[in-house]
file my_file_34.cif (mmCIF, C-alpha atoms)
data_query
loop_
_atom_site.label_atom_id
_atom_site.label_comp_id
_atom_site.auth_asym_id
_atom_site.auth_seq_id
_atom_site.Cartn_x
_atom_site.Cartn_y
_atom_site.Cartn_z
CA MET A 297 -10.62 27.61 -27.64
CA ARG A 298 -10.28 30.81 -29.62
CA GLU A 299 -7.98 33.41 -28.09
CA ARG A 300 -9.37 36.82 -27.35
CA PRO A 301 -7.53 39.76 -29.00
CA ASN A 302 -5.76 40.80 -25.79
CA GLU A 303 -4.62 37.22 -25.19
CA GLN A 304 -3.01 36.63 -28.59
CA ARG A 305 0.67 35.93 -28.57
CA ILE A 306 3.09 38.71 -29.45
CA GLY A 307 5.56 37.49 -32.02
CA GLY A 308 8.91 38.83 -33.12
CA SER A 309 12.47 38.80 -31.86
CA ALA A 310 13.95 40.55 -28.85
CA PHE A 311 14.89 43.50 -31.11
CA ALA A 312 11.50 43.75 -32.84
CA ALA A 313 10.66 46.92 -30.90
CA ALA A 314 13.75 48.80 -32.08
CA SER A 315 11.90 50.58 -34.90
CA GLU A 316 9.01 51.51 -32.60
CA LEU A 317 11.50 52.85 -30.10
CA ILE A 318 13.25 54.99 -32.70
CA TYR A 319 10.06 56.50 -34.12
CA SER A 320 8.27 57.09 -30.80
CA PRO A 321 9.56 60.19 -28.97
CA TYR A 322 7.83 59.00 -25.82
CA LEU A 323 9.40 55.53 -25.80
CA LEU A 324 12.74 57.00 -26.83
CA GLY A 325 12.47 59.33 -23.86
CA VAL A 326 11.82 56.40 -21.54
CA ALA A 327 14.84 54.61 -23.03
CA VAL A 328 17.03 57.66 -22.38
CA TRP A 329 15.64 57.85 -18.83
CA VAL A 330 16.67 54.24 -18.18
CA SER A 331 20.09 54.84 -19.73
CA LEU A 332 20.61 57.82 -17.44
CA LEU A 333 19.52 55.64 -14.51
CA SER A 334 22.41 53.39 -15.43
CA PHE A 335 24.70 56.42 -15.77
CA GLY A 336 24.05 57.63 -12.24
CA ALA A 337 24.27 54.17 -10.69
CA THR A 338 27.48 53.25 -12.56
CA ILE A 339 29.35 56.46 -11.79
CA LEU A 340 28.33 56.26 -8.13
CA TYR A 341 29.28 52.57 -7.93
CA PHE A 342 32.83 53.24 -9.12
CA GLN A 343 33.12 56.26 -6.86
CA GLN A 344 32.00 54.18 -3.91
CA ALA A 345 34.47 51.41 -4.78
CA HIS A 346 37.40 53.83 -5.02
CA ILE A 347 36.54 55.83 -1.90
CA VAL A 348 35.92 52.78 0.30
CA ALA A 349 39.03 50.98 -0.98
CA ALA A 350 41.21 54.04 -0.37
CA THR A 351 39.80 54.75 3.09
CA VAL A 352 38.84 51.39 4.63
CA HIS A 353 41.57 48.77 4.25
CA ASP A 354 40.07 46.01 6.36
CA ALA A 355 37.98 43.59 4.26
CA GLY A 356 35.65 42.81 7.15
CA GLU A 357 34.94 46.48 7.74
CA GLN A 358 34.23 46.98 4.04
CA THR A 359 31.77 44.09 4.17
CA ARG A 360 30.05 45.64 7.19
CA ILE A 361 29.69 48.95 5.35
CA PHE A 362 28.10 47.35 2.31
CA ALA A 363 25.83 45.17 4.48
CA SER A 364 24.70 48.26 6.40
CA ILE A 365 23.84 49.97 3.12
CA ASP A 366 21.77 46.97 2.00
CA LEU A 367 19.95 46.79 5.36
CA ALA A 368 19.13 50.49 5.42
CA VAL A 369 17.89 50.43 1.82
CA GLY A 370 15.74 47.37 2.46
CA LEU A 371 14.08 48.80 5.59
CA LEU A 372 13.48 52.24 4.09
CA THR A 373 12.11 50.79 0.85
CA LEU A 374 9.75 48.42 2.65
CA ALA A 375 8.37 51.15 4.90
CA THR A 376 7.93 53.56 1.99
CA GLN A 377 6.24 51.04 -0.31
CA VAL A 378 3.83 49.99 2.41
CA PHE A 379 2.88 53.44 3.64
CA ALA A 380 3.72 56.08 1.04
CA THR A 381 4.49 54.99 -2.54
CA GLY A 382 0.90 54.79 -3.80
CA TRP A 383 -0.07 58.06 -2.12
CA LEU A 384 2.98 59.87 -3.48
CA LEU A 385 2.29 58.74 -7.05
CA LYS A 386 -1.33 59.88 -6.83
CA ARG A 387 -0.52 63.12 -5.06
CA PHE A 388 2.46 64.30 -7.11
CA GLY A 389 2.20 62.34 -10.37
CA THR A 390 4.70 60.22 -12.26
CA GLY A 391 6.89 63.13 -13.33
CA MET A 392 7.74 64.25 -9.82
CA ALA A 393 7.98 60.67 -8.57
CA ALA A 394 10.40 59.70 -11.34
CA GLY A 395 12.24 62.99 -10.87
CA ALA A 396 12.87 62.29 -7.19
CA LEU A 397 15.73 59.96 -8.15
CA PRO A 398 17.70 62.36 -10.39
CA ALA A 399 17.10 65.05 -7.76
CA VAL A 400 18.92 62.82 -5.25
CA TYR A 401 21.75 62.42 -7.76
CA VAL A 402 22.02 66.18 -8.29
CA ILE A 403 22.42 66.73 -4.55
CA GLY A 404 24.66 63.69 -4.11
CA PHE A 405 27.10 64.45 -6.91
CA ALA A 406 27.29 68.07 -5.77
CA ALA A 407 28.19 66.83 -2.28
CA LEU A 408 30.79 64.37 -3.61
CA GLY A 409 32.28 67.15 -5.68
CA LEU A 410 33.10 68.89 -2.40
CA VAL A 411 33.69 65.99 0.02
CA THR A 412 34.79 62.54 -1.21
CA SER A 413 34.38 60.75 2.12
CA VAL A 414 33.04 57.32 3.07
CA THR A 415 30.20 58.93 5.02
CA ALA A 416 29.13 61.06 2.04
CA VAL A 417 29.18 58.16 -0.42
CA VAL A 418 27.32 55.82 1.97
CA ILE A 419 24.55 58.37 2.58
CA PHE A 420 24.35 59.03 -1.16
CA GLN A 421 24.18 55.32 -1.98
CA VAL A 422 21.45 54.65 0.57
CA ALA A 423 19.40 57.65 -0.58
CA GLN A 424 19.55 56.87 -4.29
CA ARG A 425 18.80 53.16 -3.94
CA TRP A 426 15.95 53.88 -1.55
CA MET A 427 14.47 56.48 -3.86
CA ASN A 428 14.89 54.21 -6.86
CA PHE A 429 13.25 51.12 -5.40
CA ALA A 430 10.53 52.90 -3.43
CA ILE A 431 9.48 55.78 -5.69
CA ALA A 432 11.19 56.12 -9.07
CA ASN A 433 10.95 52.51 -10.25
CA PRO A 434 7.16 52.30 -9.61
CA ALA A 435 6.79 55.58 -11.52
CA ARG A 436 8.86 54.20 -14.39
CA GLN A 437 6.57 51.19 -14.64
CA VAL A 438 3.60 53.56 -14.92
CA PHE A 439 5.23 55.12 -18.00
CA PHE A 440 4.47 51.89 -19.88
CA THR A 441 0.76 51.84 -19.00
CA VAL A 442 -0.09 54.36 -21.73
CA VAL A 443 1.44 52.56 -24.72
CA GLU A 444 0.03 49.81 -26.90
CA ARG A 445 0.27 46.21 -25.70
CA GLU A 446 2.90 45.24 -28.26
CA GLU A 447 4.99 48.32 -27.48
CA LYS A 448 4.62 47.66 -23.78
CA TYR A 449 6.04 44.17 -23.81
CA LYS A 450 8.55 44.43 -26.65
CA ALA A 451 9.87 47.93 -25.99
CA LYS A 452 9.96 47.45 -22.24
CA ASN A 453 12.05 44.32 -22.60
CA LEU A 454 14.43 46.05 -25.01
CA ILE A 455 14.79 49.06 -22.72
CA ASP A 456 15.11 47.19 -19.43
CA VAL A 457 17.59 44.60 -20.67
CA VAL A 458 19.51 45.70 -23.76
CA ILE A 459 19.66 49.44 -23.17
CA TYR A 460 20.17 49.26 -19.42
CA ARG A 461 22.90 46.60 -19.53
CA GLY A 462 24.56 48.18 -22.55
CA SER A 463 24.60 51.51 -20.73
CA ASP A 464 26.31 49.86 -17.75
CA ALA A 465 29.28 48.91 -19.94
CA LEU A 466 29.34 52.27 -21.75
CA TYR A 467 29.41 54.37 -18.60
CA GLY A 468 32.02 52.12 -17.01
CA TRP A 469 34.29 52.95 -19.95
CA ILE A 470 33.46 56.63 -19.62
CA PHE A 471 34.46 56.58 -15.95
CA ASP A 472 37.78 54.98 -16.88
CA ILE A 473 38.34 57.58 -19.63
CA LEU A 474 37.70 60.44 -17.20
CA GLN A 475 40.18 58.98 -14.75
CA THR A 476 42.74 58.46 -17.50
CA ALA A 477 42.28 62.11 -18.46
CA GLY A 478 43.44 63.01 -14.95
CA LEU A 479 40.14 63.85 -13.25
CA LYS A 480 39.89 63.12 -9.54
CA LEU A 481 36.74 61.63 -8.01
CA GLY A 482 35.41 65.04 -7.04
CA GLY A 483 35.91 66.30 -10.59
CA ILE A 484 34.09 63.30 -12.04
CA ALA A 485 31.18 63.95 -9.68
CA LEU A 486 30.97 67.55 -10.89
CA CYS A 487 31.11 66.39 -14.53
CA ALA A 488 28.11 64.15 -13.81
CA LEU A 489 26.04 67.04 -12.46
CA PRO A 490 24.75 68.48 -15.77
CA VAL A 491 23.89 64.98 -16.97
CA VAL A 492 21.69 64.18 -13.97
CA ALA A 493 20.21 67.68 -14.13
CA GLY A 494 19.10 66.88 -17.69
CA TRP A 495 17.71 63.60 -16.40
CA LEU A 496 15.59 65.58 -13.93
CA VAL A 497 14.18 67.72 -16.74
CA LEU A 498 13.44 64.59 -18.79
CA SER A 499 11.53 63.08 -15.86
CA ALA A 500 9.20 66.06 -15.74
CA ALA A 501 8.61 65.93 -19.51
CA LEU A 502 7.84 62.20 -19.46
CA GLY A 503 5.49 62.68 -16.53
CA ARG A 504 3.51 65.33 -18.39
CA THR A 505 3.28 63.14 -21.50
CA GLN A 506 2.21 60.08 -19.52
CA GLU A 507 -0.49 62.00 -17.69
CA ARG A 508 -1.73 63.56 -20.96
CA ARG A 509 -1.91 60.15 -22.63
CA ALA A 510 -3.68 58.65 -19.62
CA ALA A 511 -6.24 61.47 -19.62
CA THR A 512 -6.85 61.02 -23.36
CA ALA A 513 -7.31 57.26 -22.98
CA HIS A 514 -9.70 57.80 -20.08
CA GLY A 515 -11.71 60.27 -22.15
CA ASP A 516 -11.95 57.79 -25.04
CA LEU A 517 -13.39 55.18 -22.70
CA ARG A 518 -16.14 57.44 -21.37
#
call {"tool": "encode", "arguments": {"input": "my_file_34.cif", "output": "structure tokens"}}
result
Amino acid sequence: MRERPNEQRIGGSAFAAASELIYSPYLLGVAVWVSLLSFGATILYFQQAHIVAATVHDAGEQTRIFASIDLAVGLLTLATQVFATGWLLKRFGTGMAAGALPAVYVIGFAALGLVTSVTAVVIFQVAQRWMNFAIANPARQVFFTVVEREEKYKAKNLIDVVIYRGSDALYGWIFDILQTAGLKLGGIALCALPVVAGWLVLSAALGRTQERRAATAHGDLR
């Protein structure tokens, strides 16, 4: 049976989308967005590890804290995805939905810059993971709906795997360098603030571009 055009296999290696990524400002913007997602998560992870280890010395209590975080995130995410995610994306658009996550990081890092407590880091961790899974990640997937099929599958794989995982390692090193330079946890949180603020601006720009592309594609189909 002859394959229809949209069912033909997409060839090429895992890095075949690298050139498309470099020459597409939109896809490059999405790649930077995902890298900054890794930045926020990595810096917060190490802050959480240091604060909990320095404050809570009982291994069982540490386990209970992390389990409570997972439970809260799971319940909040489930409730939001069932009752609110779709409405929020339609009502506010992908830019604001994607920007909700960096907005949480702006508030969270500002708070950690003032108070490096277990309570602050737990609330921050729950809020950012909830916002990521329930709102920002669905919005990020929508970013790929306005690119060509080959870009969608090749570039998305490159961004989600290579760039995200590579960023994890990079930002782990950066955290270590900042500590070696003598910065305390509060200082590192304040250093992260302008980065996540830029991430917030990028979210708005990507949202506008996605909506413009979607409107153009819809007009072409009419």
call {"tool": "residues_around", "arguments": {"input": "my_file_34.cif", "residues": "segment 339-355 of chain A", "least_positions_apart": "3", "cutoff": "7 Å", "atoms": "only C-alpha atoms", "output": "PDB file with C-alpha atoms, in the coordinates of the input"}}
result
ATOM      1  CA  PHE A 335      24.700  56.420 -15.770  1.00  0.00           C
ATOM      2  CA  GLY A 336      24.050  57.630 -12.240  1.00  0.00           C
ATOM      3  CA  GLN A 358      34.230  46.980   4.040  1.00  0.00           C
ATOM      4  CA  THR A 359      31.770  44.090   4.170  1.00  0.00           C
ATOM      5  CA  THR A 412      34.790  62.540  -1.210  1.00  0.00           C
ATOM      6  CA  SER A 413      34.380  60.750   2.120  1.00  0.00           C
ATOM      7  CA  VAL A 414      33.040  57.320   3.070  1.00  0.00           C
ATOM      8  CA  VAL A 417      29.180  58.160  -0.420  1.00  0.00           C
ATOM      9  CA  PHE A 471      34.460  56.580 -15.950  1.00  0.00           C
ATOM     10  CA  LEU A 481      36.740  61.630  -8.010  1.00  0.00           C
TER      11      LEU A 481
END
call {"tool": "resolve_selection", "arguments": {"input": "my_file_34.cif", "expression": "the PyMOL selection byres ((chain A and resi 441-443) around 10)", "output": "PyMOL selection string"}}
result
chain A and resi 322-323+436-440+444-449+451+505-513
call {"tool": "write_last_selection", "arguments": {"input": "my_file_34.cif", "atoms": "C-alpha atoms", "output": "compact mmCIF listing (two decimals), in the frame of the given file"}}
result
# COMPACT_ATOMS: atom_id res chain seq x y z
CA TYR A 322 7.83 59.00 -25.82
CA LEU A 323 9.40 55.53 -25.80
CA ARG A 436 8.86 54.20 -14.39
CA GLN A 437 6.57 51.19 -14.64
CA VAL A 438 3.60 53.56 -14.92
CA PHE A 439 5.23 55.12 -18.00
CA PHE A 440 4.47 51.89 -19.88
CA GLU A 444 0.03 49.81 -26.90
CA ARG A 445 0.27 46.21 -25.70
CA GLU A 446 2.90 45.24 -28.26
CA GLU A 447 4.99 48.32 -27.48
CA LYS A 448 4.62 47.66 -23.78
CA TYR A 449 6.04 44.17 -23.81
CA ALA A 451 9.87 47.93 -25.99
CA THR A 505 3.28 63.14 -21.50
CA GLN A 506 2.21 60.08 -19.52
CA GLU A 507 -0.49 62.00 -17.69
CA ARG A 508 -1.73 63.56 -20.96
CA ARG A 509 -1.91 60.15 -22.63
CA ALA A 510 -3.68 58.65 -19.62
CA ALA A 511 -6.24 61.47 -19.62
CA THR A 512 -6.85 61.02 -23.36
CA ALA A 513 -7.31 57.26 -22.98
call {"tool": "residues_around", "arguments": {"input": "my_file_34.cif", "residues": "segment 382-385 of chain A", "least_positions_apart": "3", "cutoff": "10 Å", "atoms": "all atoms listed in the file", "output": "short mmCIF file (atom, residue, chain, number, x, y, z; two decimals) with C-alpha atoms, keeping the file's coordinate frame"}}
result
data_model
loop_
_atom_site.label_atom_id
_atom_site.label_comp_id
_atom_site.auth_asym_id
_atom_site.auth_seq_id
_atom_site.Cartn_x
_atom_site.Cartn_y
_atom_site.Cartn_z
CA THR A 376 7.93 53.56 1.99
CA GLN A 377 6.24 51.04 -0.31
CA VAL A 378 3.83 49.99 2.41
CA PHE A 379 2.88 53.44 3.64
CA PHE A 388 2.46 64.30 -7.11
CA GLY A 389 2.20 62.34 -10.37
CA THR A 390 4.70 60.22 -12.26
CA GLY A 391 6.89 63.13 -13.33
CA MET A 392 7.74 64.25 -9.82
CA ALA A 393 7.98 60.67 -8.57
CA ALA A 394 10.40 59.70 -11.34
CA ALA A 430 10.53 52.90 -3.43
CA ILE A 431 9.48 55.78 -5.69
CA ALA A 432 11.19 56.12 -9.07
CA PRO A 434 7.16 52.30 -9.61
CA ALA A 435 6.79 55.58 -11.52
CA VAL A 438 3.60 53.56 -14.92
#
call {"tool": "residues_around", "arguments": {"input": "my_file_34.cif", "residues": "Thr338 of chain A", "least_positions_apart": "6", "cutoff": "8 Å", "atoms": "all atoms listed in the file", "output": "ChimeraX atom specification"}}
result
/A:464,467-468
call {"tool": "write_last_selection", "arguments": {"input": "my_file_34.cif", "atoms": "C-alpha atoms", "output": "short mmCIF file (atom, residue, chain, number, x, y, z; two decimals), in the coordinates of the input"}}
result
data_model
loop_
_atom_site.label_atom_id
_atom_site.label_comp_id
_atom_site.auth_asym_id
_atom_site.auth_seq_id
_atom_site.Cartn_x
_atom_site.Cartn_y
_atom_site.Cartn_z
CA ASP A 464 26.31 49.86 -17.75
CA TYR A 467 29.41 54.37 -18.60
CA GLY A 468 32.02 52.12 -17.01
#
call {"tool": "closest_atom_pairs", "arguments": {"input": "my_file_34.cif", "of": "segment 310-380 of chain A", "to": "segment 418-428 of chain A", "cutoff": "6 Å", "atoms": "only C-alpha atoms", "output": "Markdown table"}}
result
| residue | atom | partner | partner_atom | distance |
| --- | --- | --- | --- | --- |
| A:Ile365 | CA | A:Val422 | CA | 5.8 |
| A:Val369 | CA | A:Trp426 | CA | 5.2 |
| A:Thr373 | CA | A:Trp426 | CA | 5.5 |
call {"tool": "closest_residue", "arguments": {"input": "my_file_34.cif", "among": "A:Leu333, A:Ala380, A:Ile455, A:Ala396", "to": "Leu317 of chain A", "atoms": "all atoms listed in the file"}}
result
A:Ile455
call {"tool": "atom_distance", "arguments": {"input": "my_file_34.cif", "atom1": "atom CA of Leu332 of chain A", "atom2": "atom CA of Gly395 of chain A"}}
result
11.8 Å
call {"tool": "atom_distance", "arguments": {"input": "my_file_34.cif", "atom1": "atom CA of Gln475 of chain A", "atom2": "atom CA of Leu397 of chain A"}}
result
25.3 Å
call {"tool": "resolve_selection", "arguments": {"input": "my_file_34.cif", "expression": "the PyMOL selection byres ((chain A and resi 491) around 12)", "output": "PyMOL selection string"}}
result
chain A and resi 328-329+331-336+339+398-399+401-402+405+484-490+492-498
call {"tool": "closest_residue", "arguments": {"input": "my_file_34.cif", "among": "A:Leu479, A:Gly462, A:Ala501, A:Pro321", "to": "Gly409 of chain A", "atoms": "only C-alpha atoms"}}
result
A:Leu479
call {"tool": "atom_distance", "arguments": {"input": "my_file_34.cif", "atom1": "atom CA of Gly325 of chain A", "atom2": "atom CA of Gly404 of chain A"}}
result
23.6 Å
call {"tool": "axis_aligned_box", "arguments": {"input": "my_file_34.cif", "around": "segment 420-434 of chain A", "padding_each_side": "8 Å", "output": "AutoDock Vina command-line options"}}
result
--center_x 15.8 --center_y 55.1 --center_z -4.8 --size_x 33.2 --size_y 23.9 --size_z 26.8
call {"tool": "closest_residue", "arguments": {"input": "my_file_34.cif", "among": "A:Ala368, A:Ala375, A:Leu454, A:Gly356", "to": "Ser315 of chain A", "atoms": "only C-alpha atoms"}}
result
A:Leu454
